[in-house]
Amino acid sequence: MTPLSENSPAVEVVDLRRSYGDYEAVRGISFSIARGELFALLGTNGAGKTTTLEVLEGYHPPTSGRVRVLGLDPFTAGPQVRRRTGTMLQEGGFFKELTVKETVDCWRAFTSGARPTAEVLARVALEPKAGTRVSQLSGGERRRLDLALAVLNDPELLFLDEPTTGMDPEARRSTWHLVEELRAAGTTVVLTTHYLEEAQQLADRVAIMDRGTIAAAGTVAEVLSGRGDLISLPLPPGRELAALPELLGAAPSLTGGRAVYRVPRSAPALAALHAWAADRGVELDGLEVRTGSLEDVFLDLAAASPAAVSSTAVSSPVPLGASR
């Protein structure tokens with residue numbers, strides 16, 4: 001085991017490239033993840049984030065570049081890395097005829113330092129399902145079983161690939177409570193999710209991938225810096241979009257039957273809009289104001305490269321399709 005110094009990153013990626021034949025899925029990305037950090041790797045469909053995760057998890061070597069996980073090459077030192085990490089894949093490969101308890105017992109047999117089965121099931125609220133066959137579990141319950149297996153040995157580094165897909169709100173909250181407990185104990189978490197609100201609320205830092213590159217990275221505040229606020233309202237009766245005023249130099253666009261403005265500051269823009277409406281006797285029913293979000297970043301990426309996007313990123317609770 002190679003111990004990390006106090007300042008060593010848990011994950012270090014330098015100019016990573018990964019190709020499949022003539023197709024370059026990842027095109028020279030670099031980032032690092034500090035110990036104890038929750039880092040969200042996000043991206044539109046086909047962006048390269050799943051390939052990046054598979055390299056970090058040791059399933060594929062880089063075509064070029066350098067990757068270190070807990071100070072080790074995850075491909076050449078796979079067994080050592082896996083003893084110290086946990087992985088929750090998008091879909092686990094379970095024996096459907098085994099019960100939940102039997103599944104955990106089997107997994108414990110080849111996991112060093114595994115917690116007792118009853119304790120593990122309690123952590124993910126699956127004690128009542130201990131005797132239930134896997135084939136009879138709901139989608140959300142299977143995700144909780146996936147999570148139980150990923151955290152059997154309190155890993156130093158935890159990979160979570162779409163962890164809360166299919167879970168109800170209560171199970172989602174319980175999952176994140178467990179993740180926060182692990183982080184408090186020093187576990188580093190690498191998250192991919194299509195619940196953008198979830199990433200925005202929970203991640204210390206995010207990296208957004210697009211067509212094999214990192215399009216934006218930093219804290220959520222840094223990624224959203226300069227994106228301004230959004231003001232939207234239904235088109236007033238009898239008025240076309242072109243009849244609406246510019247606000248702080250921003251013209252409106254039409255989205256879903258609503259006029260949408262992106263402005264640097266909402267307060268003076270709203271004052272100008274209300275003044276315009278008062279002069280014309282226009283009611284501003286349905287007016288909405290919000291700050292920019294990760295969803296807006298995704299929508300901008302989709303608009304810039306529609307061929308690379310097969311569905312639209314949205315906020316919780318509606319997921320964005322498959323991530324591969």
# chains A, B, ... in the order shown; residues from 1 in each chain; ligands from 1
>>> select_by_dssp(residues="range 133-231 of chain A", states="alpha helix (DSSP H)", output="VMD selection string")
chain A and resid 139 to 150 169 to 184 196 to 202 220 to 224
>>> write_last_selection(atoms="N, CA, C and O atoms", output="short mmCIF file (atom, residue, chain, number, x, y, z; two decimals), in the first residue's frame")
data_model
loop_
_atom_site.label_atom_id
_atom_site.label_comp_id
_atom_site.auth_asym_id
_atom_site.auth_seq_id
_atom_site.Cartn_x
_atom_site.Cartn_y
_atom_site.Cartn_z
N GLY A 139 -36.62 -1.20 -8.43
CA GLY A 139 -35.42 -0.60 -8.98
C GLY A 139 -34.64 0.19 -7.94
O GLY A 139 -33.41 0.11 -7.86
N GLY A 140 -35.36 0.97 -7.12
CA GLY A 140 -34.70 1.74 -6.08
C GLY A 140 -34.06 0.87 -5.03
O GLY A 140 -32.97 1.19 -4.51
N GLU A 141 -34.70 -0.25 -4.69
CA GLU A 141 -34.12 -1.18 -3.70
C GLU A 141 -32.86 -1.84 -4.23
O GLU A 141 -31.90 -2.06 -3.49
N ARG A 142 -32.84 -2.14 -5.52
CA ARG A 142 -31.62 -2.70 -6.11
C ARG A 142 -30.48 -1.69 -6.06
O ARG A 142 -29.33 -2.06 -5.85
N ARG A 143 -30.80 -0.41 -6.26
CA ARG A 143 -29.76 0.60 -6.17
C ARG A 143 -29.21 0.67 -4.75
O ARG A 143 -28.00 0.86 -4.54
N ARG A 144 -30.08 0.51 -3.76
CA ARG A 144 -29.60 0.51 -2.38
C ARG A 144 -28.73 -0.72 -2.10
O ARG A 144 -27.75 -0.63 -1.35
N LEU A 145 -29.06 -1.86 -2.72
CA LEU A 145 -28.22 -3.04 -2.57
C LEU A 145 -26.87 -2.81 -3.25
O LEU A 145 -25.81 -3.20 -2.73
N ASP A 146 -26.88 -2.18 -4.42
CA ASP A 146 -25.63 -1.79 -5.08
C ASP A 146 -24.76 -0.96 -4.14
O ASP A 146 -23.55 -1.17 -4.03
N LEU A 147 -25.39 0.01 -3.48
CA LEU A 147 -24.66 0.89 -2.58
C LEU A 147 -24.11 0.11 -1.39
O LEU A 147 -22.97 0.34 -0.96
N ALA A 148 -24.90 -0.81 -0.85
CA ALA A 148 -24.44 -1.62 0.28
C ALA A 148 -23.16 -2.36 -0.07
O ALA A 148 -22.21 -2.40 0.72
N LEU A 149 -23.10 -2.94 -1.26
CA LEU A 149 -21.91 -3.68 -1.67
C LEU A 149 -20.72 -2.76 -1.90
O LEU A 149 -19.57 -3.13 -1.66
N ALA A 150 -21.00 -1.53 -2.34
CA ALA A 150 -19.92 -0.58 -2.62
C ALA A 150 -19.26 -0.07 -1.35
O ALA A 150 -18.09 0.32 -1.37
N PRO A 169 -37.85 9.81 -3.03
CA PRO A 169 -37.18 10.91 -2.32
C PRO A 169 -36.63 10.53 -0.96
O PRO A 169 -35.54 10.97 -0.58
N GLU A 170 -37.34 9.69 -0.20
CA GLU A 170 -36.85 9.30 1.12
C GLU A 170 -35.57 8.47 1.01
O GLU A 170 -34.60 8.69 1.75
N ALA A 171 -35.55 7.53 0.06
CA ALA A 171 -34.35 6.71 -0.13
C ALA A 171 -33.18 7.55 -0.63
O ALA A 171 -32.03 7.33 -0.25
N ARG A 172 -33.49 8.56 -1.46
CA ARG A 172 -32.42 9.44 -1.96
C ARG A 172 -31.80 10.22 -0.79
O ARG A 172 -30.58 10.33 -0.69
N ARG A 173 -32.64 10.73 0.09
CA ARG A 173 -32.11 11.46 1.25
C ARG A 173 -31.27 10.55 2.14
O ARG A 173 -30.22 10.94 2.65
N SER A 174 -31.74 9.32 2.35
CA SER A 174 -31.00 8.38 3.18
C SER A 174 -29.64 8.05 2.55
O SER A 174 -28.63 7.92 3.25
N THR A 175 -29.63 7.91 1.22
CA THR A 175 -28.38 7.62 0.52
C THR A 175 -27.37 8.72 0.75
O THR A 175 -26.19 8.48 1.05
N TRP A 176 -27.82 9.96 0.62
CA TRP A 176 -26.89 11.07 0.77
C TRP A 176 -26.49 11.27 2.23
O TRP A 176 -25.37 11.74 2.50
N HIS A 177 -27.34 10.88 3.15
CA HIS A 177 -26.93 10.91 4.56
C HIS A 177 -25.79 9.93 4.79
O HIS A 177 -24.80 10.26 5.48
N LEU A 178 -25.87 8.75 4.19
CA LEU A 178 -24.80 7.76 4.31
C LEU A 178 -23.52 8.27 3.65
O LEU A 178 -22.42 8.13 4.20
N VAL A 179 -23.65 8.87 2.47
CA VAL A 179 -22.47 9.39 1.79
C VAL A 179 -21.81 10.48 2.63
O VAL A 179 -20.57 10.53 2.75
N GLU A 180 -22.61 11.34 3.25
CA GLU A 180 -22.05 12.39 4.10
C GLU A 180 -21.35 11.77 5.32
O GLU A 180 -20.31 12.29 5.77
N GLU A 181 -21.88 10.68 5.86
CA GLU A 181 -21.21 10.00 6.97
C GLU A 181 -19.85 9.47 6.54
O GLU A 181 -18.85 9.60 7.26
N LEU A 182 -19.80 8.88 5.35
CA LEU A 182 -18.53 8.36 4.83
C LEU A 182 -17.53 9.49 4.60
O LEU A 182 -16.35 9.37 4.92
N ARG A 183 -18.02 10.60 4.07
CA ARG A 183 -17.13 11.74 3.84
C ARG A 183 -16.60 12.29 5.16
O ARG A 183 -15.42 12.66 5.26
N ALA A 184 -17.45 12.34 6.16
CA ALA A 184 -17.01 12.83 7.47
C ALA A 184 -15.91 11.95 8.05
O ALA A 184 -15.06 12.42 8.82
N LEU A 196 -29.09 17.13 -11.80
CA LEU A 196 -28.17 18.27 -11.73
C LEU A 196 -28.35 19.06 -10.44
O LEU A 196 -27.39 19.61 -9.90
N GLU A 197 -29.58 19.15 -9.94
CA GLU A 197 -29.80 19.84 -8.68
C GLU A 197 -29.05 19.13 -7.56
O GLU A 197 -28.49 19.78 -6.65
N GLU A 198 -29.00 17.81 -7.62
CA GLU A 198 -28.28 17.02 -6.63
C GLU A 198 -26.80 17.36 -6.65
O GLU A 198 -26.18 17.62 -5.60
N ALA A 199 -26.21 17.39 -7.83
CA ALA A 199 -24.79 17.74 -7.96
C ALA A 199 -24.54 19.16 -7.48
O ALA A 199 -23.54 19.45 -6.80
N GLN A 200 -25.44 20.07 -7.82
CA GLN A 200 -25.27 21.47 -7.46
C GLN A 200 -25.28 21.66 -5.95
O GLN A 200 -24.55 22.49 -5.41
N GLN A 201 -26.08 20.88 -5.26
CA GLN A 201 -26.21 21.03 -3.81
C GLN A 201 -25.10 20.31 -3.06
O GLN A 201 -24.68 20.76 -1.99
N LEU A 202 -24.60 19.19 -3.60
CA LEU A 202 -23.74 18.30 -2.81
C LEU A 202 -22.26 18.36 -3.14
O LEU A 202 -21.43 18.10 -2.28
N VAL A 220 -19.18 24.92 -7.88
CA VAL A 220 -20.41 25.27 -8.60
C VAL A 220 -20.48 26.77 -8.81
O VAL A 220 -20.85 27.25 -9.89
N ALA A 221 -20.09 27.53 -7.79
CA ALA A 221 -20.13 28.99 -7.91
C ALA A 221 -19.20 29.47 -9.03
O ALA A 221 -19.54 30.38 -9.79
N GLU A 222 -18.03 28.85 -9.14
CA GLU A 222 -17.09 29.24 -10.19
C GLU A 222 -17.62 28.89 -11.57
O GLU A 222 -17.49 29.67 -12.52
N VAL A 223 -18.24 27.71 -11.70
CA VAL A 223 -18.78 27.29 -12.99
C VAL A 223 -19.92 28.21 -13.43
O VAL A 223 -20.07 28.52 -14.62
N LEU A 224 -20.71 28.67 -12.46
CA LEU A 224 -21.86 29.51 -12.78
C LEU A 224 -21.52 30.99 -12.81
O LEU A 224 -22.37 31.81 -13.20
#
>>> residues_around(residues="Ala259 in chain A", least_positions_apart="5", cutoff="6 Å", atoms="only C-alpha atoms", output="VMD selection string")
chain A and resid 232 to 233 252 to 254
>>> write_last_selection(atoms="N, CA, C and O atoms", output="PDB file, in the first residue's frame")
ATOM      1  N   SER A 232     -38.249  35.023 -16.572  1.00  0.00           N
ATOM      2  CA  SER A 232     -39.146  34.469 -17.583  1.00  0.00           C
ATOM      3  C   SER A 232     -40.594  34.823 -17.253  1.00  0.00           C
ATOM      4  O   SER A 232     -40.947  35.026 -16.084  1.00  0.00           O
ATOM      5  N   LEU A 233     -41.417  34.918 -18.291  1.00  0.00           N
ATOM      6  CA  LEU A 233     -42.831  35.221 -18.129  1.00  0.00           C
ATOM      7  C   LEU A 233     -43.594  34.727 -19.345  1.00  0.00           C
ATOM      8  O   LEU A 233     -43.022  34.632 -20.448  1.00  0.00           O
ATOM      9  N   PRO A 252     -35.256  39.101 -25.249  1.00  0.00           N
ATOM     10  CA  PRO A 252     -35.817  37.825 -24.790  1.00  0.00           C
ATOM     11  C   PRO A 252     -35.740  36.759 -25.873  1.00  0.00           C
ATOM     12  O   PRO A 252     -35.701  37.047 -27.067  1.00  0.00           O
ATOM     13  N   SER A 253     -35.711  35.504 -25.418  1.00  0.00           N
ATOM     14  CA  SER A 253     -35.855  34.366 -26.322  1.00  0.00           C
ATOM     15  C   SER A 253     -37.124  33.627 -25.926  1.00  0.00           C
ATOM     16  O   SER A 253     -37.645  33.798 -24.820  1.00  0.00           O
ATOM     17  N   LEU A 254     -37.638  32.812 -26.833  1.00  0.00           N
ATOM     18  CA  LEU A 254     -38.885  32.087 -26.576  1.00  0.00           C
ATOM     19  C   LEU A 254     -38.557  30.636 -26.249  1.00  0.00           C
ATOM     20  O   LEU A 254     -37.935  29.924 -27.047  1.00  0.00           O
TER      21      LEU A 254
END
>>> residues_around(residues="Val100 in chain A", least_positions_apart="4", cutoff="6 Å", atoms="only C-alpha atoms", output="list in words")
Ala130, Thr132 and Val134 of chain A
>>> select_by_dssp(residues="range 5-125 of chain A", states="strand (DSSP E or B)", output="ChimeraX atom specification")
/A:11-20,23-33,38-43,64-69,72,85-88,99
>>> write_last_selection(atoms="C-alpha atoms", output="PDB file, in the first residue's frame")
ATOM      1  CA  VAL A  11      -7.106  11.107  -7.795  1.00  0.00           C
ATOM      2  CA  GLU A  12      -4.753  12.724 -10.287  1.00  0.00           C
ATOM      3  CA  VAL A  13      -5.414  12.834 -14.036  1.00  0.00           C
ATOM      4  CA  VAL A  14      -2.927  14.458 -16.410  1.00  0.00           C
ATOM      5  CA  ASP A  15      -3.634  14.803 -20.149  1.00  0.00           C
ATOM      6  CA  LEU A  16      -5.741  11.631 -20.236  1.00  0.00           C
ATOM      7  CA  ARG A  17      -6.635  10.313 -23.672  1.00  0.00           C
ATOM      8  CA  ARG A  18      -8.576   7.160 -24.387  1.00  0.00           C
ATOM      9  CA  SER A  19      -9.353   5.890 -27.890  1.00  0.00           C
ATOM     10  CA  TYR A  20     -11.305   2.988 -29.302  1.00  0.00           C
ATOM     11  CA  TYR A  23     -12.653   7.136 -32.113  1.00  0.00           C
ATOM     12  CA  GLU A  24     -11.134   9.285 -29.354  1.00  0.00           C
ATOM     13  CA  ALA A  25     -13.612   9.207 -26.465  1.00  0.00           C
ATOM     14  CA  VAL A  26     -11.465  11.279 -24.090  1.00  0.00           C
ATOM     15  CA  ARG A  27      -9.249  13.972 -25.563  1.00  0.00           C
ATOM     16  CA  GLY A  28      -6.579  15.211 -23.183  1.00  0.00           C
ATOM     17  CA  ILE A  29      -8.300  16.031 -19.887  1.00  0.00           C
ATOM     18  CA  SER A  30      -6.603  16.920 -16.604  1.00  0.00           C
ATOM     19  CA  PHE A  31      -7.982  17.281 -13.076  1.00  0.00           C
ATOM     20  CA  SER A  32      -7.264  16.238  -9.507  1.00  0.00           C
ATOM     21  CA  ILE A  33      -9.494  15.329  -6.572  1.00  0.00           C
ATOM     22  CA  LEU A  38     -17.043  15.044  -3.259  1.00  0.00           C
ATOM     23  CA  PHE A  39     -16.256  15.584  -6.933  1.00  0.00           C
ATOM     24  CA  ALA A  40     -19.025  15.407  -9.546  1.00  0.00           C
ATOM     25  CA  LEU A  41     -18.067  14.404 -13.085  1.00  0.00           C
ATOM     26  CA  LEU A  42     -20.937  15.503 -15.307  1.00  0.00           C
ATOM     27  CA  GLY A  43     -21.596  15.490 -19.021  1.00  0.00           C
ATOM     28  CA  SER A  64      -1.872   8.225 -23.310  1.00  0.00           C
ATOM     29  CA  GLY A  65      -1.508  10.463 -20.284  1.00  0.00           C
ATOM     30  CA  ARG A  66      -1.119   9.707 -16.599  1.00  0.00           C
ATOM     31  CA  VAL A  67      -3.695   8.518 -14.050  1.00  0.00           C
ATOM     32  CA  ARG A  68      -3.107   7.877 -10.367  1.00  0.00           C
ATOM     33  CA  VAL A  69      -5.708   6.671  -7.864  1.00  0.00           C
ATOM     34  CA  LEU A  72      -1.249   3.995  -7.738  1.00  0.00           C
ATOM     35  CA  THR A  85     -12.026   1.614  -3.199  1.00  0.00           C
ATOM     36  CA  GLY A  86     -15.747   0.971  -3.599  1.00  0.00           C
ATOM     37  CA  THR A  87     -17.640   1.120  -6.864  1.00  0.00           C
ATOM     38  CA  MET A  88     -21.359   1.499  -7.439  1.00  0.00           C
ATOM     39  CA  THR A  99     -31.863 -13.189  -1.256  1.00  0.00           C
TER      40      THR A  99
END
